[in-house]
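Undergrad: Have a look at this one before I ask anything.
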Amino acid sequence: MRVFTIVVLSASLSLGCFAGEEMKHGPDSEYQEGVPKGKVEQQPKWLSKIYPGTERDWWIYVPSQYDPATPANVMVFQDGGGPKDPKGEMRVPVVFDNLIHKKEMPVTIGIFINPGNLPPADTTEIPKSEARIKDEINAAVAAAVKKGKSKEEALADAEKSVSKTAPRQARQNRAFEYDSVGDRYARFLIEEILPEVEKKYNLTKDPAGRGICGQSSGGSCAFTVAWERPDVFGKVVSGIGSFTSLHGCNAYPDLIRKMEPKPIRIFMQDGDHDLDIYAGSWWHANNDMAAAFNWMGYDYKFLQGHDGHSGRQLGVNFPDAMRWLWRNEPVEGKRPAGADPRGINEVLIKGEGWRKVADATQEIEFAEADDDGSIVYGENSFVGNLFQVEMRRLGIDGSIKKVSTETGLAGAMKFGPDGKMYVPKADGIYILDKEGKESLYVALPKKASRQIAIDFKGNIYSCAGDSYAPNPITLIKSDKTVVEIKETVRVEDTWVSTGSKLTFTPDQGFLVSCDTLSWRLKSVRIEKDGGVADGEDFYALQSLEGQDASLAGQAVMDDKGRLYVASRNGIQIFDQGGRVIGILTLPERNHVTGMALGGANFDTLYAGTYKGLYARKLNARGVRSCKPPVTVKGPQM
């Protein structure tokens, strides 16, 4: 195993070139006698559905060694018209021919894709502005005078030749497609382009055999694709990558440090004369990326130089980049010795990932740990037009037993200190014994109780109210006295989730409320009389540009005071200071609708989705609010 940090400048990699200095391609970038040539086939214009109405040019390169009986590796190139040019900067077909022939890289099919454009519906030409006409005439005159014409003659010719009208412009989709964060471009490749190529060619399904490459915005796009879908793309080449605040890619250095490492190998390149503009410094942004990769122990290499925003350096060194990228070693990195252990690494256990422990045909509404670590969860079901929740218990031995069938649930079930299950419904809170026998605990006739939390004394905090509106927290004391408190939280619509939205801190001194629509979580102090006060939007979830609802409907606490919140960007972990210190990936990329820390040692995180119940062992231990409070150390920074 080889792990690369920032590369020291080396003459062998043509790194001693300052901005503007000539860099020359080596023999691997030139046609060689005796080397069989692959073929580059232009494809019909692609009309996308994921980017509606857009059309784009694209090409496929097939090496002469391709054998339909053997799955070939595949590499996708953004701004494909440049890389596929045998006389361009990267000269991909030539390099692939030479390296595949020498067995210095595997048989690889190349896919070259240009960004999409959305043509105007009305192609009728419209008048140009006077300023534009003047500029075009001046440019034509200057060019003609340079060739020897008199200024008067050149002006007369230009006034005749320069058109006074022009067609409407197509919408250029490049920045939108390449600079945006999220999985949309990945889905475009996975759902549209790859299946089309697979109609003709046998491509490997192994992500270690699938690479993606680009430069500038195409480079940050390449990383985004692998970051979002490491199950499909395991190799990345990013030249002069735009990890700046164009459409949100400036978030990556932060996310790399907080999210659990992904199985991708990254070759990156930049020069210290790269762009420095309103969106940021490309050089510093790429160095921040490299530092984050290094700190998290990624398998990466950073080719540094002195060039500007140019593809020359990566083009000259492209053969070496391919040798390094496709070397026959596992995609595996290692954190540097002495790296700070805080963050996501506090809770991760090597080799432990998500495993499915129960199937589901509908959304799992909630999950709660019993006294022995068993998990009681509820799965939606419909009988005719009647909404029901099937409650089941997953034992620590893996057995699954039905608890009861509930109708009229308005929120998530919680366990009380008496071991009974408390279930919020439209007209009040009910209790279930271990056999599933139901009885009314307390009536709440005004509004449906959508969220509840129960402390170790048996006090119930409920948020009962209308969707999207701020509603008061209601306290149901252990003697069943009902007290409406002035402190309010917003209750989101139940179509998003009806899961666990009120959570105590381990010492039960504060109550946390999450909201599927908001990116902030509210913290309120619990007063001596049981009331709550001094609410604050204390926790800020990590969001990405362009996102609306957070889908933050689930939260649990561990005995270190860390708060785990399931959001659309993963299960985000907060320290006691309200800071995101780590983000766990979602199980099979599914939205989490129920969550609990359970198992025999309460060290397993259970996550319910619309596809089933998943489990993952962590270096953490859950706390239950129905048990006596637990004290924890304060924030470490």
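Going through the structure tokens in order, the chains are called A, B, and so on, while each chain numbers its residues from 1 and the ligands are numbered from 1 in the order shown.
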Using the chain letters and numbers from this document, which residues of range 273-385 of chain A does DSSP assign to alpha helix (DSSP H), as an MDAnalysis selection string?
TA: chainID A and resid 282:296 312:316 318:325
Undergrad: Store the residues picked out above, limited to N, CA and C atoms, as an mmCIF file, in the first residue's frame.
TA:
```
data_model
loop_
_atom_site.group_PDB
_atom_site.id
_atom_site.type_symbol
_atom_site.label_atom_id
_atom_site.label_comp_id
_atom_site.auth_asym_id
_atom_site.auth_seq_id
_atom_site.Cartn_x
_atom_site.Cartn_y
_atom_site.Cartn_z
ATOM 1 N N TRP A 282 -8.183 29.374 -6.385
ATOM 2 C CA TRP A 282 -8.147 27.969 -6.803
ATOM 3 C C TRP A 282 -6.964 27.244 -6.139
ATOM 4 N N TRP A 283 -5.819 27.902 -6.076
ATOM 5 C CA TRP A 283 -4.624 27.283 -5.495
ATOM 6 C C TRP A 283 -4.853 26.949 -4.022
ATOM 7 N N HIS A 284 -5.358 27.898 -3.267
ATOM 8 C CA HIS A 284 -5.600 27.647 -1.849
ATOM 9 C C HIS A 284 -6.712 26.626 -1.656
ATOM 10 N N ALA A 285 -7.728 26.669 -2.498
ATOM 11 C CA ALA A 285 -8.823 25.704 -2.386
ATOM 12 C C ALA A 285 -8.327 24.286 -2.629
ATOM 13 N N ASN A 286 -7.478 24.100 -3.648
ATOM 14 C CA ASN A 286 -6.950 22.762 -3.916
ATOM 15 C C ASN A 286 -6.005 22.300 -2.809
ATOM 16 N N ASN A 287 -5.242 23.238 -2.232
ATOM 17 C CA ASN A 287 -4.408 22.875 -1.094
ATOM 18 C C ASN A 287 -5.255 22.493 0.118
ATOM 19 N N ASP A 288 -6.387 23.173 0.308
ATOM 20 C CA ASP A 288 -7.296 22.797 1.391
ATOM 21 C C ASP A 288 -7.856 21.395 1.159
ATOM 22 N N MET A 289 -8.176 21.084 -0.082
ATOM 23 C CA MET A 289 -8.645 19.735 -0.408
ATOM 24 C C MET A 289 -7.576 18.701 -0.072
ATOM 25 N N ALA A 290 -6.350 18.962 -0.504
ATOM 26 C CA ALA A 290 -5.259 18.019 -0.257
ATOM 27 C C ALA A 290 -5.019 17.838 1.241
ATOM 28 N N ALA A 291 -5.074 18.939 2.000
ATOM 29 C CA ALA A 291 -4.868 18.844 3.445
ATOM 30 C C ALA A 291 -5.962 18.001 4.094
ATOM 31 N N ALA A 292 -7.197 18.154 3.618
ATOM 32 C CA ALA A 292 -8.302 17.360 4.166
ATOM 33 C C ALA A 292 -8.130 15.885 3.814
ATOM 34 N N PHE A 293 -7.751 15.594 2.561
ATOM 35 C CA PHE A 293 -7.493 14.202 2.174
ATOM 36 C C PHE A 293 -6.406 13.593 3.059
ATOM 37 N N ASN A 294 -5.347 14.350 3.275
ATOM 38 C CA ASN A 294 -4.229 13.863 4.074
ATOM 39 C C ASN A 294 -4.674 13.583 5.509
ATOM 40 N N TRP A 295 -5.421 14.516 6.111
ATOM 41 C CA TRP A 295 -5.839 14.376 7.501
ATOM 42 C C TRP A 295 -6.759 13.180 7.701
ATOM 43 N N MET A 296 -7.611 12.919 6.677
ATOM 44 C CA MET A 296 -8.539 11.793 6.789
ATOM 45 C C MET A 296 -7.952 10.479 6.296
ATOM 46 N N ARG A 312 -2.344 22.520 -19.302
ATOM 47 C CA ARG A 312 -1.064 22.025 -19.825
ATOM 48 C C ARG A 312 -0.383 21.042 -18.883
ATOM 49 N N GLN A 313 -0.306 21.388 -17.600
ATOM 50 C CA GLN A 313 0.459 20.536 -16.689
ATOM 51 C C GLN A 313 -0.164 19.152 -16.551
ATOM 52 N N LEU A 314 -1.477 19.086 -16.370
ATOM 53 C CA LEU A 314 -2.116 17.775 -16.290
ATOM 54 C C LEU A 314 -1.983 17.049 -17.618
ATOM 55 N N GLY A 315 -2.106 17.780 -18.741
ATOM 56 C CA GLY A 315 -1.978 17.137 -20.042
ATOM 57 C C GLY A 315 -0.621 16.495 -20.241
ATOM 58 N N VAL A 316 0.451 17.222 -19.906
ATOM 59 C CA VAL A 316 1.807 16.689 -20.057
ATOM 60 C C VAL A 316 2.017 15.478 -19.145
ATOM 61 N N PHE A 318 -0.375 13.492 -17.934
ATOM 62 C CA PHE A 318 -1.512 12.577 -17.939
ATOM 63 C C PHE A 318 -1.104 11.104 -17.953
ATOM 64 N N PRO A 319 -0.074 10.690 -18.715
ATOM 65 C CA PRO A 319 0.327 9.271 -18.653
ATOM 66 C C PRO A 319 0.730 8.836 -17.250
ATOM 67 N N ASP A 320 1.492 9.668 -16.533
ATOM 68 C CA ASP A 320 1.874 9.326 -15.166
ATOM 69 C C ASP A 320 0.655 9.275 -14.252
ATOM 70 N N ALA A 321 -0.285 10.186 -14.482
ATOM 71 C CA ALA A 321 -1.504 10.182 -13.677
ATOM 72 C C ALA A 321 -2.261 8.869 -13.867
ATOM 73 N N MET A 322 -2.318 8.367 -15.104
ATOM 74 C CA MET A 322 -3.024 7.114 -15.373
ATOM 75 C C MET A 322 -2.300 5.925 -14.737
ATOM 76 N N ARG A 323 -0.993 5.912 -14.785
ATOM 77 C CA ARG A 323 -0.250 4.817 -14.142
ATOM 78 C C ARG A 323 -0.536 4.781 -12.644
ATOM 79 N N TRP A 324 -0.529 5.978 -12.027
ATOM 80 C CA TRP A 324 -0.766 6.037 -10.588
ATOM 81 C C TRP A 324 -2.215 5.670 -10.265
ATOM 82 N N LEU A 325 -3.148 6.194 -11.047
ATOM 83 C CA LEU A 325 -4.567 5.981 -10.763
ATOM 84 C C LEU A 325 -4.949 4.508 -10.881
#
```
Undergrad: Name the residues in contact with Arg621 in chain A at a cut-off of 12 Å, using only C-alpha atoms, excluding same-chain residues fewer than 2 positions from it; report them as number ranges by chain.
TA: A: 347, 373, 506, 556-564, 596-605, 617-619, 623-624, 630
Undergrad: Write to file, as a CSV table (one decimal), in the first residue's frame, the residues of the selection just made, with N, CA, C and O atoms.
TA:
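Below is the file that was written, out.csv:
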```csv
chain,number,residue,atom,x,y,z
A,347,VAL,N,-16.1,7.9,16.7
A,347,VAL,CA,-17.2,6.9,16.8
A,347,VAL,C,-17.1,5.8,15.8
A,347,VAL,O,-17.7,4.8,16.0
A,373,GLY,N,-32.2,-3.4,25.3
A,373,GLY,CA,-31.5,-3.1,24.0
A,373,GLY,C,-32.3,-3.5,22.8
A,373,GLY,O,-31.9,-3.3,21.6
A,506,PRO,N,-28.2,14.2,28.0
A,506,PRO,CA,-28.0,13.1,28.9
A,506,PRO,C,-28.3,13.4,30.4
A,506,PRO,O,-28.8,12.6,31.1
A,556,VAL,N,-30.9,11.2,18.5
A,556,VAL,CA,-30.6,10.4,19.7
A,556,VAL,C,-29.3,11.0,20.4
A,556,VAL,O,-28.5,11.7,19.7
A,557,MET,N,-29.1,10.7,21.7
A,557,MET,CA,-27.9,11.1,22.4
A,557,MET,C,-27.1,9.9,22.9
A,557,MET,O,-27.6,8.9,23.1
A,558,ASP,N,-25.8,10.1,22.9
A,558,ASP,CA,-24.9,9.1,23.6
A,558,ASP,C,-24.4,9.6,24.9
A,558,ASP,O,-24.6,10.8,25.3
A,559,ASP,N,-23.7,8.7,25.6
A,559,ASP,CA,-23.2,9.1,27.0
A,559,ASP,C,-22.0,10.0,27.0
A,559,ASP,O,-21.5,10.3,28.1
A,560,LYS,N,-21.6,10.5,25.9
A,560,LYS,CA,-20.5,11.5,25.8
A,560,LYS,C,-21.2,12.9,25.5
A,560,LYS,O,-20.5,13.9,25.3
A,561,GLY,N,-22.5,12.9,25.5
A,561,GLY,CA,-23.2,14.1,25.2
A,561,GLY,C,-23.3,14.5,23.7
A,561,GLY,O,-23.6,15.6,23.4
A,562,ARG,N,-22.9,13.5,22.9
A,562,ARG,CA,-23.0,13.8,21.4
A,562,ARG,C,-24.4,13.6,20.9
A,562,ARG,O,-25.1,12.6,21.3
A,563,LEU,N,-24.9,14.5,20.1
A,563,LEU,CA,-26.2,14.4,19.5
A,563,LEU,C,-26.1,13.9,18.1
A,563,LEU,O,-25.4,14.5,17.3
A,564,TYR,N,-26.9,12.9,17.8
A,564,TYR,CA,-26.9,12.3,16.4
A,564,TYR,C,-28.3,12.7,15.8
A,564,TYR,O,-29.3,12.4,16.3
A,596,ALA,N,-32.4,4.9,16.7
A,596,ALA,CA,-32.2,4.6,18.1
A,596,ALA,C,-30.9,4.0,18.3
A,596,ALA,O,-30.3,3.3,17.4
A,597,LEU,N,-30.3,4.2,19.5
A,597,LEU,CA,-29.1,3.5,19.9
A,597,LEU,C,-29.5,2.4,20.8
A,597,LEU,O,-30.1,2.6,21.9
A,598,GLY,N,-29.2,1.1,20.4
A,598,GLY,CA,-29.7,0.0,21.2
A,598,GLY,C,-28.7,-1.2,21.0
A,598,GLY,O,-27.5,-1.0,20.8
A,599,GLY,N,-29.2,-2.4,21.1
A,599,GLY,CA,-28.3,-3.6,21.2
A,599,GLY,C,-28.0,-3.9,22.6
A,599,GLY,O,-28.2,-3.2,23.5
A,600,ALA,N,-27.3,-5.0,22.8
A,600,ALA,CA,-27.0,-5.5,24.1
A,600,ALA,C,-26.2,-4.5,24.9
A,600,ALA,O,-26.4,-4.4,26.2
A,601,ASN,N,-25.3,-3.8,24.3
A,601,ASN,CA,-24.5,-2.7,25.0
A,601,ASN,C,-24.9,-1.3,24.7
A,601,ASN,O,-24.2,-0.4,25.0
A,602,PHE,N,-26.0,-1.2,24.0
A,602,PHE,CA,-26.5,0.1,23.5
A,602,PHE,C,-25.5,0.9,22.7
A,602,PHE,O,-25.4,2.1,22.7
A,603,ASP,N,-24.7,0.1,22.0
A,603,ASP,CA,-23.6,0.7,21.2
A,603,ASP,C,-23.9,0.5,19.7
A,603,ASP,O,-22.9,0.6,18.8
A,604,THR,N,-25.1,0.1,19.3
A,604,THR,CA,-25.5,-0.1,17.9
A,604,THR,C,-26.5,1.0,17.5
A,604,THR,O,-27.5,1.1,18.2
A,605,LEU,N,-26.2,1.7,16.4
A,605,LEU,CA,-27.2,2.7,15.9
A,605,LEU,C,-28.1,2.0,15.0
A,605,LEU,O,-27.7,1.3,14.0
A,617,LYS,N,-22.7,-0.8,14.3
A,617,LYS,CA,-22.0,-0.7,15.6
A,617,LYS,C,-21.0,0.5,15.6
A,617,LYS,O,-20.3,0.7,14.7
A,618,LEU,N,-21.1,1.2,16.7
A,618,LEU,CA,-20.2,2.4,16.9
A,618,LEU,C,-19.4,2.4,18.2
A,618,LEU,O,-19.8,1.6,19.1
A,619,ASN,N,-18.4,3.2,18.2
A,619,ASN,CA,-17.7,3.4,19.5
A,619,ASN,C,-18.5,4.5,20.3
A,619,ASN,O,-18.0,5.6,20.5
A,623,VAL,N,-27.9,6.7,25.6
A,623,VAL,CA,-28.5,7.0,26.9
A,623,VAL,C,-30.0,7.1,26.6
A,623,VAL,O,-30.5,7.5,25.5
A,624,ARG,N,-30.8,6.7,27.6
A,624,ARG,CA,-32.3,6.7,27.5
A,624,ARG,C,-32.9,7.7,28.5
A,624,ARG,O,-32.5,7.6,29.7
A,630,VAL,N,-27.5,11.2,33.2
A,630,VAL,CA,-26.1,10.9,33.1
A,630,VAL,C,-25.3,12.1,32.9
A,630,VAL,O,-25.6,13.0,32.0
```
Undergrad: Which residue, A:Ile429, A:Leu517, A:Ala339, A:Ala369, has the smallest gap to Ala549 in chain A when you use only C-alpha atoms?
TA: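 Nearest to Ala549 in chain A: A:Leu517.
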Undergrad: Considering only C-alpha atoms, state which residue in the set A:Pro44, A:Pro83, A:Pro635, A:Gly297 is at the smallest distance from Gly110 in chain A.
TA: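 That would be A:Pro83, the residue with the smallest distance to Gly110 in chain A.
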Undergrad: I want to know what sits within 9 Å of Ser238 in chain A, based on only C-alpha atoms, with residues of the same chain fewer than 6 positions away left out; could you give that as a PyMOL selection string?
TA: chain A and resi 212-216+218-223+266-270+314
Undergrad: Within 12 Å of range 419-422 of chain A, counting only C-alpha atoms, which residues qualify if same-chain residues fewer than 5 places away don't, as a ChimeraX atom specification?
TA: /A:367-372,376-377,391,393,403-404,409-414,428-442,449,451-454,456,458-462,624-627
Undergrad: Which neighbours of Leu203 in chain A fall inside 7 Å, counting only C-alpha atoms, when residues of the same chain fewer than 5 positions from it are skipped, and could you give them as a JSON list (two decimals) with C-alpha atoms, in the first residue's frame?
TA:
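Final output, saved to selection.json:
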```json
[["chain", "number", "residue", "atom", "x", "y", "z"],
["A", 71, "PRO", "CA", -15.84, -6.42, -18.75],
["A", 72, "ALA", "CA", -13.74, -3.36, -19.55],
["A", 73, "ASN", "CA", -12.84, -0.55, -17.20],
["A", 74, "VAL", "CA", -14.44, 2.78, -18.03],
["A", 198, "GLU", "CA", -23.67, -0.72, -22.03]]
```
